[in-house]
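Enquirer: Just query.json, nothing more (JSON, C-alpha atoms and all ligand atoms):
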[["chain", "number", "residue", "atom", "x", "y", "z"],
["F", 1, "MET", "CA", 105.42, 95.06, 84.61],
["F", 2, "SER", "CA", 103.79, 97.99, 86.35],
["F", 3, "GLU", "CA", 105.49, 99.79, 89.20],
["F", 4, "LEU", "CA", 104.83, 99.09, 92.86],
["F", 5, "ASN", "CA", 105.10, 102.43, 94.60],
["F", 6, "LEU", "CA", 104.07, 101.71, 98.15],
["F", 7, "ILE", "CA", 103.70, 103.46, 101.47],
["F", 8, "LEU", "CA", 103.47, 101.48, 104.68],
["F", 9, "LEU", "CA", 101.50, 102.75, 107.65],
["F", 10, "GLY", "CA", 100.82, 101.09, 110.96],
["F", 11, "PRO", "CA", 101.23, 101.40, 114.71],
["F", 12, "PRO", "CA", 104.33, 100.08, 116.45],
["F", 13, "GLY", "CA", 104.01, 96.37, 117.17],
["F", 14, "ALA", "CA", 101.58, 95.58, 114.34],
["F", 15, "GLY", "CA", 104.26, 93.85, 112.28],
["F", 16, "LYS", "CA", 104.94, 96.62, 109.78],
["F", 17, "GLY", "CA", 108.69, 95.97, 109.85],
["F", 18, "THR", "CA", 108.21, 92.27, 109.12],
["F", 19, "GLN", "CA", 105.86, 93.02, 106.25],
["F", 20, "ALA", "CA", 108.30, 95.59, 104.87],
["F", 21, "GLU", "CA", 111.06, 92.95, 104.83],
["F", 22, "ARG", "CA", 108.80, 90.50, 103.04],
["F", 23, "LEU", "CA", 107.73, 93.04, 100.42],
["F", 24, "VAL", "CA", 111.32, 94.00, 99.77],
["F", 25, "ALA", "CA", 112.31, 90.34, 99.35],
["F", 26, "ASP", "CA", 109.22, 89.27, 97.37],
["F", 27, "PHE", "CA", 109.29, 92.10, 94.86],
["F", 28, "ASP", "CA", 112.93, 93.13, 95.01],
["F", 29, "LEU", "CA", 112.05, 96.70, 95.96],
["F", 30, "PRO", "CA", 114.23, 99.20, 97.81],
["F", 31, "TYR", "CA", 113.06, 100.06, 101.31],
["F", 32, "TYR", "CA", 113.19, 103.68, 102.38],
["F", 33, "ALA", "CA", 112.78, 104.48, 106.05],
["F", 34, "THR", "CA", 112.99, 108.25, 106.37],
["F", 35, "GLY", "CA", 115.49, 108.27, 109.21],
["F", 36, "ASP", "CA", 117.77, 105.88, 107.32],
["F", 37, "ILE", "CA", 117.76, 107.79, 104.06],
["F", 38, "LEU", "CA", 118.37, 111.09, 105.82],
["F", 39, "ARG", "CA", 121.36, 109.55, 107.58],
["F", 40, "ALA", "CA", 122.55, 108.01, 104.30],
["F", 41, "ALA", "CA", 122.30, 111.37, 102.50],
["F", 42, "VAL", "CA", 124.29, 113.03, 105.29],
["F", 43, "LYS", "CA", 126.92, 110.30, 105.16],
["F", 44, "GLU", "CA", 127.22, 110.49, 101.36],
["F", 45, "GLU", "CA", 127.59, 114.27, 101.73],
["F", 46, "SER", "CA", 125.18, 114.86, 98.85],
["F", 47, "GLU", "CA", 124.02, 118.45, 98.42],
["F", 48, "LEU", "CA", 120.75, 117.65, 100.15],
["F", 49, "GLY", "CA", 122.60, 115.69, 102.80],
["F", 50, "LYS", "CA", 124.74, 118.73, 103.63],
["F", 51, "GLU", "CA", 121.64, 120.86, 103.87],
["F", 52, "ALA", "CA", 119.96, 118.34, 106.17],
["F", 53, "LYS", "CA", 123.07, 118.05, 108.33],
["F", 54, "ALA", "CA", 123.04, 121.78, 109.01],
["F", 55, "TYR", "CA", 119.59, 121.42, 110.59],
["F", 56, "MET", "CA", 120.49, 118.27, 112.48],
["F", 57, "ASP", "CA", 123.71, 119.80, 113.85],
["F", 58, "ARG", "CA", 121.69, 122.67, 115.25],
["F", 59, "GLY", "CA", 119.26, 120.20, 116.80],
["F", 60, "ASP", "CA", 116.48, 121.47, 114.54],
["F", 61, "LEU", "CA", 113.92, 119.34, 112.73],
["F", 62, "VAL", "CA", 114.67, 118.87, 109.07],
["F", 63, "PRO", "CA", 111.91, 120.77, 107.21],
["F", 64, "ASP", "CA", 109.20, 118.87, 105.28],
["F", 65, "ASP", "CA", 110.30, 120.22, 101.97],
["F", 66, "LEU", "CA", 113.89, 119.08, 102.44],
["F", 67, "ILE", "CA", 112.90, 115.61, 103.66],
["F", 68, "CYS", "CA", 110.64, 115.31, 100.66],
["F", 69, "ARG", "CA", 113.47, 116.23, 98.30],
["F", 70, "VAL", "CA", 115.73, 113.63, 99.93],
["F", 71, "VAL", "CA", 113.00, 110.99, 99.53],
["F", 72, "VAL", "CA", 112.34, 111.96, 95.94],
["F", 73, "GLU", "CA", 116.05, 111.82, 95.14],
["F", 74, "ARG", "CA", 115.91, 108.14, 96.12],
["F", 75, "VAL", "CA", 112.64, 107.42, 94.39],
["F", 76, "ASP", "CA", 114.07, 108.90, 91.21],
["F", 77, "SER", "CA", 117.14, 106.64, 91.28],
["F", 78, "SER", "CA", 117.56, 103.56, 89.09],
["F", 79, "GLU", "CA", 117.19, 101.17, 92.03],
["F", 80, "ALA", "CA", 113.61, 102.38, 92.52],
["F", 81, "ARG", "CA", 112.65, 102.16, 88.84],
["F", 82, "ASP", "CA", 110.21, 99.30, 89.48],
["F", 83, "GLY", "CA", 108.93, 100.71, 92.73],
["F", 84, "PHE", "CA", 109.76, 101.30, 96.37],
["F", 85, "VAL", "CA", 108.51, 100.81, 99.90],
["F", 86, "LEU", "CA", 108.32, 104.02, 101.93],
["F", 87, "ASP", "CA", 108.11, 103.82, 105.72],
["F", 88, "GLY", "CA", 107.92, 106.80, 108.05],
["F", 89, "PHE", "CA", 107.16, 109.29, 105.29],
["F", 90, "PRO", "CA", 104.90, 111.08, 104.74],
["F", 91, "ARG", "CA", 103.89, 111.84, 108.32],
["F", 92, "THR", "CA", 101.73, 114.87, 107.63],
["F", 93, "ILE", "CA", 99.27, 116.04, 104.98],
["F", 94, "PRO", "CA", 101.64, 118.74, 103.65],
["F", 95, "GLN", "CA", 104.31, 116.04, 103.28],
["F", 96, "ALA", "CA", 101.81, 113.78, 101.52],
["F", 97, "ASP", "CA", 100.86, 116.63, 99.17],
["F", 98, "ALA", "CA", 104.52, 117.35, 98.47],
["F", 99, "LEU", "CA", 105.21, 113.68, 97.76],
["F", 100, "GLY", "CA", 102.20, 113.33, 95.45],
["F", 101, "GLU", "CA", 103.27, 116.39, 93.51],
["F", 102, "ALA", "CA", 106.89, 115.26, 93.26],
["F", 103, "LEU", "CA", 105.85, 111.82, 91.99],
["F", 104, "GLU", "CA", 103.55, 113.41, 89.45],
["F", 105, "ASN", "CA", 106.47, 115.50, 88.19],
["F", 106, "LEU", "CA", 108.35, 112.26, 87.66],
["F", 107, "GLY", "CA", 105.38, 110.84, 85.76],
["F", 108, "ARG", "CA", 104.69, 108.36, 88.53],
["F", 109, "ARG", "CA", 102.06, 107.81, 91.15],
["F", 110, "LEU", "CA", 101.47, 105.76, 94.28],
["F", 111, "THR", "CA", 100.20, 102.23, 93.75],
["F", 112, "ALA", "CA", 98.79, 101.79, 97.24],
["F", 113, "VAL", "CA", 99.09, 102.79, 100.87],
["F", 114, "LEU", "CA", 99.17, 99.68, 103.04],
["F", 115, "LEU", "CA", 97.84, 100.11, 106.56],
["F", 116, "ILE", "CA", 98.73, 97.27, 108.94],
["F", 117, "GLU", "CA", 96.29, 97.59, 111.82],
["F", 118, "ALA", "CA", 96.20, 96.21, 115.33],
["F", 119, "PRO", "CA", 94.06, 97.30, 118.28],
["F", 120, "ASP", "CA", 95.88, 99.27, 120.99],
["F", 121, "ASP", "CA", 95.39, 96.50, 123.56],
["F", 122, "GLU", "CA", 97.04, 93.98, 121.28],
["F", 123, "VAL", "CA", 99.98, 96.30, 120.59],
["F", 124, "ILE", "CA", 100.46, 96.89, 124.31],
["F", 125, "ARG", "CA", 100.32, 93.15, 124.99],
["F", 126, "ARG", "CA", 102.85, 92.43, 122.26],
["F", 127, "LEU", "CA", 105.33, 95.17, 123.11],
["F", 128, "SER", "CA", 105.16, 95.37, 126.88],
["F", 129, "GLY", "CA", 105.88, 91.63, 127.18],
["F", 130, "ARG", "CA", 109.13, 91.85, 125.22],
["F", 131, "ARG", "CA", 112.38, 91.22, 127.07],
["F", 132, "LEU", "CA", 115.91, 91.44, 125.74],
["F", 133, "CYS", "CA", 119.01, 89.83, 127.15],
["F", 134, "LYS", "CA", 121.68, 92.25, 128.28],
["F", 135, "GLU", "CA", 124.63, 90.48, 126.68],
["F", 136, "ASN", "CA", 123.47, 89.73, 123.16],
["F", 137, "GLY", "CA", 120.02, 91.21, 122.72],
["F", 138, "HIS", "CA", 118.25, 87.83, 122.36],
["F", 139, "VAL", "CA", 114.53, 88.52, 122.32],
["F", 140, "TYR", "CA", 111.89, 86.87, 124.50],
["F", 141, "HIS", "CA", 108.25, 87.47, 125.26],
["F", 142, "LEU", "CA", 106.78, 86.84, 128.71],
["F", 143, "GLU", "CA", 103.61, 85.42, 127.19],
["F", 144, "PHE", "CA", 104.47, 84.12, 123.71],
["F", 145, "ASP", "CA", 108.09, 83.02, 124.07],
["F", 146, "PRO", "CA", 109.14, 82.94, 127.73],
["F", 147, "PRO", "CA", 112.68, 81.95, 128.78],
["F", 148, "LYS", "CA", 113.11, 78.63, 130.65],
["F", 149, "ASN", "CA", 114.50, 80.42, 133.71],
["F", 150, "GLU", "CA", 112.45, 83.47, 134.52],
["F", 151, "GLY", "CA", 114.46, 86.64, 134.05],
["F", 152, "PHE", "CA", 117.46, 85.04, 132.34],
["F", 153, "CYS", "CA", 118.50, 84.30, 128.76],
["F", 154, "ASP", "CA", 118.36, 80.63, 127.69],
["F", 155, "GLN", "CA", 121.37, 81.02, 125.46],
["F", 156, "ASP", "CA", 123.88, 82.92, 127.56],
["F", 157, "GLY", "CA", 122.32, 83.17, 131.04],
["F", 158, "SER", "CA", 122.53, 86.96, 131.11],
["F", 159, "PRO", "CA", 119.70, 88.92, 132.77],
["F", 160, "LEU", "CA", 116.71, 90.00, 130.70],
["F", 161, "THR", "CA", 115.63, 93.62, 130.62],
["F", 162, "GLN", "CA", 112.78, 95.63, 129.19],
["F", 163, "ARG", "CA", 113.61, 98.41, 126.74],
["F", 164, "ASP", "CA", 112.26, 101.82, 127.78],
["F", 165, "ASP", "CA", 110.43, 101.92, 124.45],
["F", 166, "ASP", "CA", 108.53, 98.78, 125.38],
["F", 167, "LYS", "CA", 107.32, 99.94, 128.80],
["F", 168, "GLU", "CA", 103.56, 100.10, 128.91],
["F", 169, "GLU", "CA", 103.35, 103.84, 129.57],
["F", 170, "THR", "CA", 105.76, 104.55, 126.72],
["F", 171, "VAL", "CA", 103.88, 102.24, 124.37],
["F", 172, "ARG", "CA", 100.62, 104.03, 125.23],
["F", 173, "HIS", "CA", 102.27, 107.34, 124.46],
["F", 174, "ARG", "CA", 103.74, 106.04, 121.18],
["F", 175, "LEU", "CA", 100.26, 104.84, 120.21],
["F", 176, "GLU", "CA", 98.74, 108.22, 120.99],
["F", 177, "VAL", "CA", 101.34, 109.95, 118.84],
["F", 178, "PHE", "CA", 100.75, 107.40, 116.10],
["F", 179, "HIS", "CA", 96.98, 107.89, 116.09],
["F", 180, "ASP", "CA", 97.25, 111.69, 116.17],
["F", 181, "GLN", "CA", 99.71, 111.73, 113.30],
["F", 182, "THR", "CA", 98.31, 108.96, 111.19],
["F", 183, "SER", "CA", 94.52, 109.33, 111.30],
["F", 184, "PRO", "CA", 94.54, 112.36, 108.98],
["F", 185, "LEU", "CA", 96.81, 110.51, 106.54],
["F", 186, "VAL", "CA", 94.59, 107.44, 106.61],
["F", 187, "ASP", "CA", 91.59, 109.60, 105.69],
["F", 188, "TYR", "CA", 93.60, 111.45, 103.07],
["F", 189, "TYR", "CA", 94.68, 108.29, 101.26],
["F", 190, "ASP", "CA", 91.31, 106.64, 101.76],
["F", 191, "GLN", "CA", 89.66, 109.55, 99.95],
["F", 192, "GLN", "CA", 92.13, 109.09, 97.10],
["F", 193, "GLY", "CA", 91.15, 105.42, 96.90],
["F", 194, "LEU", "CA", 94.71, 104.35, 97.68],
["F", 195, "LEU", "CA", 94.27, 102.93, 101.16],
["F", 196, "ARG", "CA", 94.27, 99.16, 101.74],
["F", 197, "ARG", "CA", 93.77, 97.80, 105.26],
["F", 198, "PHE", "CA", 95.35, 94.64, 106.67],
["F", 199, "ASP", "CA", 94.74, 92.84, 109.95],
["F", 200, "GLY", "CA", 98.04, 92.91, 111.82],
["F", 201, "THR", "CA", 96.72, 90.54, 114.49],
["F", 202, "ARG", "CA", 96.93, 87.69, 111.95],
["F", 203, "ALA", "CA", 100.05, 85.60, 111.54],
["F", 204, "PRO", "CA", 102.75, 87.39, 109.51],
["F", 205, "ASP", "CA", 102.50, 84.82, 106.69],
["F", 206, "GLU", "CA", 98.79, 85.39, 106.40],
["F", 207, "VAL", "CA", 99.18, 89.18, 106.34],
["F", 208, "ASN", "CA", 101.85, 88.80, 103.69],
["F", 209, "GLY", "CA", 99.48, 86.60, 101.65],
["F", 210, "HIS", "CA", 96.74, 89.22, 101.86],
["F", 211, "ILE", "CA", 99.10, 91.98, 100.81],
["F", 212, "ARG", "CA", 100.38, 89.98, 97.85],
["F", 213, "ALA", "CA", 96.85, 89.15, 96.74],
["F", 214, "THR", "CA", 95.87, 92.82, 96.97],
["F", 215, "LEU", "CA", 98.89, 93.95, 94.98],
["F", 216, "ALA", "CA", 98.25, 91.31, 92.33],
["F", 217, "THR", "CA", 94.70, 92.58, 91.94],
["F", 218, "LEU", "CA", 95.87, 96.20, 91.71],
["F", 219, "ARG", "CA", 98.35, 95.26, 89.00],
["F", 220, "LEU", "CA", 95.71, 93.40, 87.03],
["F", 221, "GLU", "CA", 93.38, 96.38, 87.25],
["F", 222, "GLU", "CA", 96.15, 98.61, 86.01],
["F", 223, "GLU", "CA", 96.83, 96.41, 83.01],
["F", 224, "LEU", "CA", 93.18, 96.28, 81.93],
["A", 1, "ZN", "ZN", 121.12, 86.16, 125.34]]
Have the structure of the file written as structure tokens, please.
Ligand SMILES: [Zn+2]
Expert:
Amino acid sequence: MSELNLILLGPPGAGKGTQAERLVADFDLPYYATGDILRAAVKEESELGKEAKAYMDRGDLVPDDLICRVVVERVDSSEARDGFVLDGFPRTIPQADALGEALENLGRRLTAVLLIEAPDDEVIRRLSGRRLCKENGHVYHLEFDPPKNEGFCDQDGSPLTQRDDDKEETVRHRLEVFHDQTSPLVDYYDQQGLLRRFDGTRAPDEVNGHIRATLATLRLEEEL
């Protein structure tokens, strides 16, 4: 069986997290979110983790090259032998170059870059309507899944609040950052013929079906 070396891209609220979970379950792949693997490396006190911690302790950004080495350390482990799902890396063209080079050195290459798209208006509608209960974090949506009593959790009666991250102004800003950061990467991977686009406004099952069909086709092509 050929490898599935995947990168996930997509704005907040387009269902990228859900699709990542499905991919991980369907294909038994490890999931690498950059923040998580940096934290894991720091916790394990690996050589790279110690290096990263020094930057983090100073409040500095961890440099591209170091993040890339931490990612590659994972990708080169036995758990990722059949592939991996990368989320949150690369964020920039230099990072993408570094990753491509590192994979090539391992005799591997990316299978596909999956872009889960949703229009800004839809993202804003999805995220700004979210409400969480204060006690237990139960999730509601004003439009899609409203509580029976406005402003209170059905399960424990505690008041519902909106996360700062979900406030409309914040969502707009997150989208701006996303577009600024991601457009160059989308072009970059499109030019390499690796980009595959998916409609994140569809139901999660449908998106998952499209992704699976695309990956099946890519694998067939590879085996020919
Ligand atoms: Zn609750």
Enquirer: Could you jot down the atom CA of F:Ala213 to atom CA of F:Gln19 separation for me, Å, one decimal place?
Expert: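 Going from atom CA of F:Ala213 over to atom CA of F:Gln19 covers 13.7 Å.
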Enquirer: Using all atoms listed in the file, pick whichever of F:Gln95, F:Ala112, F:Ala102, F:Glu135 has the shortest atom-to-atom distance to F:Glu222.
Expert: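 Nearest candidate to F:Glu222 out of F:Gln95, F:Ala112, F:Ala102, F:Glu135: F:Ala112.
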Enquirer: If we count all atoms listed in the file and set the cut-off at 8 Å, which residues sit around stretch 45-53 of chain F, ignoring sequence neighbours fewer than 5 positions away in its own chain? Please answer as a list in words.
Expert: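 My reading of the contact set: Leu38, Arg39, Ala40, Val62, Leu66, Ile67, Arg69 and Val70 of chain F.
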Enquirer: State, in Å with one decimal place, the distance from atom CA of F:His210 to atom CA of F:Ala33.
Expert: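 Taking atom CA of F:His210 as the start and atom CA of F:Ala33 as the end point, the length is 22.5 Å.
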Enquirer: Rounded to one decimal, what separation in Å do you get between atom CA of F:Ala118 and atom CA of F:Ile37?
Expert: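 For atom CA of F:Ala118 relative to atom CA of F:Ile37, the distance reads 26.9 Å.
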Enquirer: List every residue of chain F that has an atom at most 9 Å from any atom of ligand ZN 1 (chain A), giving for each one its closest atom pair and the distance in Å to one decimal, counting all atoms listed in the file, sorted by chain and then by ascending residue number, as CSV.
Expert:
residue,atom,partner,partner_atom,distance
F:Leu132,CA,A:ZN1,ZN,7.4
F:Cys133,CA,A:ZN1,ZN,4.6
F:Lys134,CA,A:ZN1,ZN,6.8
F:Glu135,CA,A:ZN1,ZN,5.7
F:Asn136,CA,A:ZN1,ZN,4.8
F:Gly137,CA,A:ZN1,ZN,5.8
F:His138,CA,A:ZN1,ZN,4.5
F:Val139,CA,A:ZN1,ZN,7.6
F:Phe152,CA,A:ZN1,ZN,8.0
F:Cys153,CA,A:ZN1,ZN,4.7
F:Asp154,CA,A:ZN1,ZN,6.6
F:Gln155,CA,A:ZN1,ZN,5.1
F:Asp156,CA,A:ZN1,ZN,4.8
F:Gly157,CA,A:ZN1,ZN,6.5
F:Ser158,CA,A:ZN1,ZN,6.0
F:Pro159,CA,A:ZN1,ZN,8.1
F:Leu160,CA,A:ZN1,ZN,7.9
Enquirer: Rank nothing, just name the residue among F:Arg172, F:Arg197, F:Arg109, F:Arg91 nearest to F:Ser128, using all atoms listed in the file.
Expert: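 Of all the options, F:Arg172 lies closest to F:Ser128.
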Enquirer: Using only C-alpha atoms, can you tell me which of F:Arg219, F:Arg58, F:Lys16, F:His179 comes closest to F:Asp87?
Expert: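 The closest residue to F:Asp87 is F:Lys16.
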Enquirer: Kindly indicate which residue among F:Gly88, F:Pro94, F:Gly15, F:Gly83 lies nearest to F:Asp36, using only C-alpha atoms for the distances.
Expert: F:Gly88
Enquirer: Rank F:Leu114, F:Leu215, F:Leu103, F:Ala25 by their smallest atom-to-atom distance to F:Gly200, using all atoms listed in the file, and report the top residue only.
Expert: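 Going through F:Leu114, F:Leu215, F:Leu103, F:Ala25 one by one, the smallest distance to F:Gly200 is for F:Leu114.
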Enquirer: Could you give me, as a list in words, the residues within 12 Å of F:Gln181, counting all atoms listed in the file and dropping anything in the same chain fewer than 3 positions from it?
Expert: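 Listing them by chain and then by number gives Leu9, Gly10, Pro11, Gly88, Phe89, Pro90, Arg91, Thr92, Ile93, Gln95, Arg174, Leu175, Glu176, Val177, Phe178, Pro184, Leu185, Val186, Asp187 and Tyr188 of chain F.
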Enquirer: Is there a way to complete stretch 140-161 of chain F with N, CA, C and O atoms and then write that out as an mmCIF file, in the coordinates of the input?
Expert:
data_model
loop_
_atom_site.group_PDB
_atom_site.id
_atom_site.type_symbol
_atom_site.label_atom_id
_atom_site.label_comp_id
_atom_site.auth_asym_id
_atom_site.auth_seq_id
_atom_site.Cartn_x
_atom_site.Cartn_y
_atom_site.Cartn_z
ATOM 1 N N TYR F 140 112.893 87.763 123.919
ATOM 2 C CA TYR F 140 111.890 86.870 124.500
ATOM 3 C C TYR F 140 110.577 87.606 124.644
ATOM 4 O O TYR F 140 110.529 88.834 124.478
ATOM 5 N N HIS F 141 109.527 86.836 124.938
ATOM 6 C CA HIS F 141 108.250 87.470 125.260
ATOM 7 C C HIS F 141 107.647 86.725 126.437
ATOM 8 O O HIS F 141 107.541 85.494 126.401
ATOM 9 N N LEU F 142 107.271 87.464 127.485
ATOM 10 C CA LEU F 142 106.780 86.840 128.710
ATOM 11 C C LEU F 142 105.621 85.879 128.433
ATOM 12 O O LEU F 142 105.490 84.842 129.068
ATOM 13 N N GLU F 143 104.793 86.225 127.467
ATOM 14 C CA GLU F 143 103.610 85.420 127.190
ATOM 15 C C GLU F 143 103.822 84.440 126.034
ATOM 16 O O GLU F 143 103.453 83.274 126.130
ATOM 17 N N PHE F 144 104.406 84.926 124.937
ATOM 18 C CA PHE F 144 104.470 84.120 123.710
ATOM 19 C C PHE F 144 105.743 83.285 123.596
ATOM 20 O O PHE F 144 105.771 82.295 122.883
ATOM 21 N N ASP F 145 106.810 83.715 124.241
ATOM 22 C CA ASP F 145 108.090 83.020 124.070
ATOM 23 C C ASP F 145 108.944 83.217 125.321
ATOM 24 O O ASP F 145 110.009 83.832 125.277
ATOM 25 N N PRO F 146 108.455 82.683 126.464
ATOM 26 C CA PRO F 146 109.140 82.940 127.730
ATOM 27 C C PRO F 146 110.454 82.141 127.834
ATOM 28 O O PRO F 146 110.554 81.063 127.234
ATOM 29 N N PRO F 147 111.440 82.692 128.572
ATOM 30 C CA PRO F 147 112.680 81.950 128.780
ATOM 31 C C PRO F 147 112.422 80.787 129.750
ATOM 32 O O PRO F 147 111.437 80.814 130.492
ATOM 33 N N LYS F 148 113.290 79.784 129.737
ATOM 34 C CA LYS F 148 113.110 78.630 130.650
ATOM 35 C C LYS F 148 113.278 79.062 132.097
ATOM 36 O O LYS F 148 112.528 78.643 132.969
ATOM 37 N N ASN F 149 114.304 79.888 132.361
ATOM 38 C CA ASN F 149 114.500 80.420 133.710
ATOM 39 C C ASN F 149 114.049 81.867 133.724
ATOM 40 O O ASN F 149 114.640 82.714 133.037
ATOM 41 N N GLU F 150 113.024 82.139 134.525
ATOM 42 C CA GLU F 150 112.450 83.470 134.520
ATOM 43 C C GLU F 150 113.523 84.533 134.752
ATOM 44 O O GLU F 150 114.313 84.448 135.699
ATOM 45 N N GLY F 151 113.555 85.503 133.873
ATOM 46 C CA GLY F 151 114.460 86.640 134.050
ATOM 47 C C GLY F 151 115.845 86.446 133.468
ATOM 48 O O GLY F 151 116.663 87.372 133.500
ATOM 49 N N PHE F 152 116.117 85.260 132.882
ATOM 50 C CA PHE F 152 117.460 85.040 132.340
ATOM 51 C C PHE F 152 117.409 84.423 130.939
ATOM 52 O O PHE F 152 116.514 83.652 130.613
ATOM 53 N N CYS F 153 118.425 84.770 130.145
ATOM 54 C CA CYS F 153 118.500 84.300 128.760
ATOM 55 C C CYS F 153 118.832 82.805 128.707
ATOM 56 O O CYS F 153 119.720 82.343 129.408
ATOM 57 N N ASP F 154 118.099 82.071 127.875
ATOM 58 C CA ASP F 154 118.360 80.630 127.690
ATOM 59 C C ASP F 154 119.737 80.394 127.085
ATOM 60 O O ASP F 154 120.369 79.383 127.353
ATOM 61 N N GLN F 155 120.164 81.299 126.239
ATOM 62 C CA GLN F 155 121.370 81.020 125.460
ATOM 63 C C GLN F 155 122.661 81.412 126.150
ATOM 64 O O GLN F 155 123.674 80.754 125.974
ATOM 65 N N ASP F 156 122.623 82.486 126.931
ATOM 66 C CA ASP F 156 123.880 82.920 127.560
ATOM 67 C C ASP F 156 123.724 83.228 129.052
ATOM 68 O O ASP F 156 124.683 83.654 129.699
ATOM 69 N N GLY F 157 122.529 83.006 129.597
ATOM 70 C CA GLY F 157 122.320 83.170 131.040
ATOM 71 C C GLY F 157 122.345 84.594 131.537
ATOM 72 O O GLY F 157 122.238 84.830 132.751
ATOM 73 N N SER F 158 122.462 85.567 130.632
ATOM 74 C CA SER F 158 122.530 86.960 131.110
ATOM 75 C C SER F 158 121.109 87.450 131.440
ATOM 76 O O SER F 158 120.115 86.929 130.937
ATOM 77 N N PRO F 159 121.022 88.457 132.335
ATOM 78 C CA PRO F 159 119.700 88.920 132.770
ATOM 79 C C PRO F 159 118.893 89.563 131.633
ATOM 80 O O PRO F 159 119.472 90.170 130.730
ATOM 81 N N LEU F 160 117.590 89.396 131.707
ATOM 82 C CA LEU F 160 116.710 90.000 130.700
ATOM 83 C C LEU F 160 116.216 91.352 131.182
ATOM 84 O O LEU F 160 115.941 91.525 132.372
ATOM 85 N N THR F 161 116.128 92.295 130.255
ATOM 86 C CA THR F 161 115.630 93.620 130.620
ATOM 87 C C THR F 161 114.550 94.049 129.641
ATOM 88 O O THR F 161 114.420 93.482 128.553
#
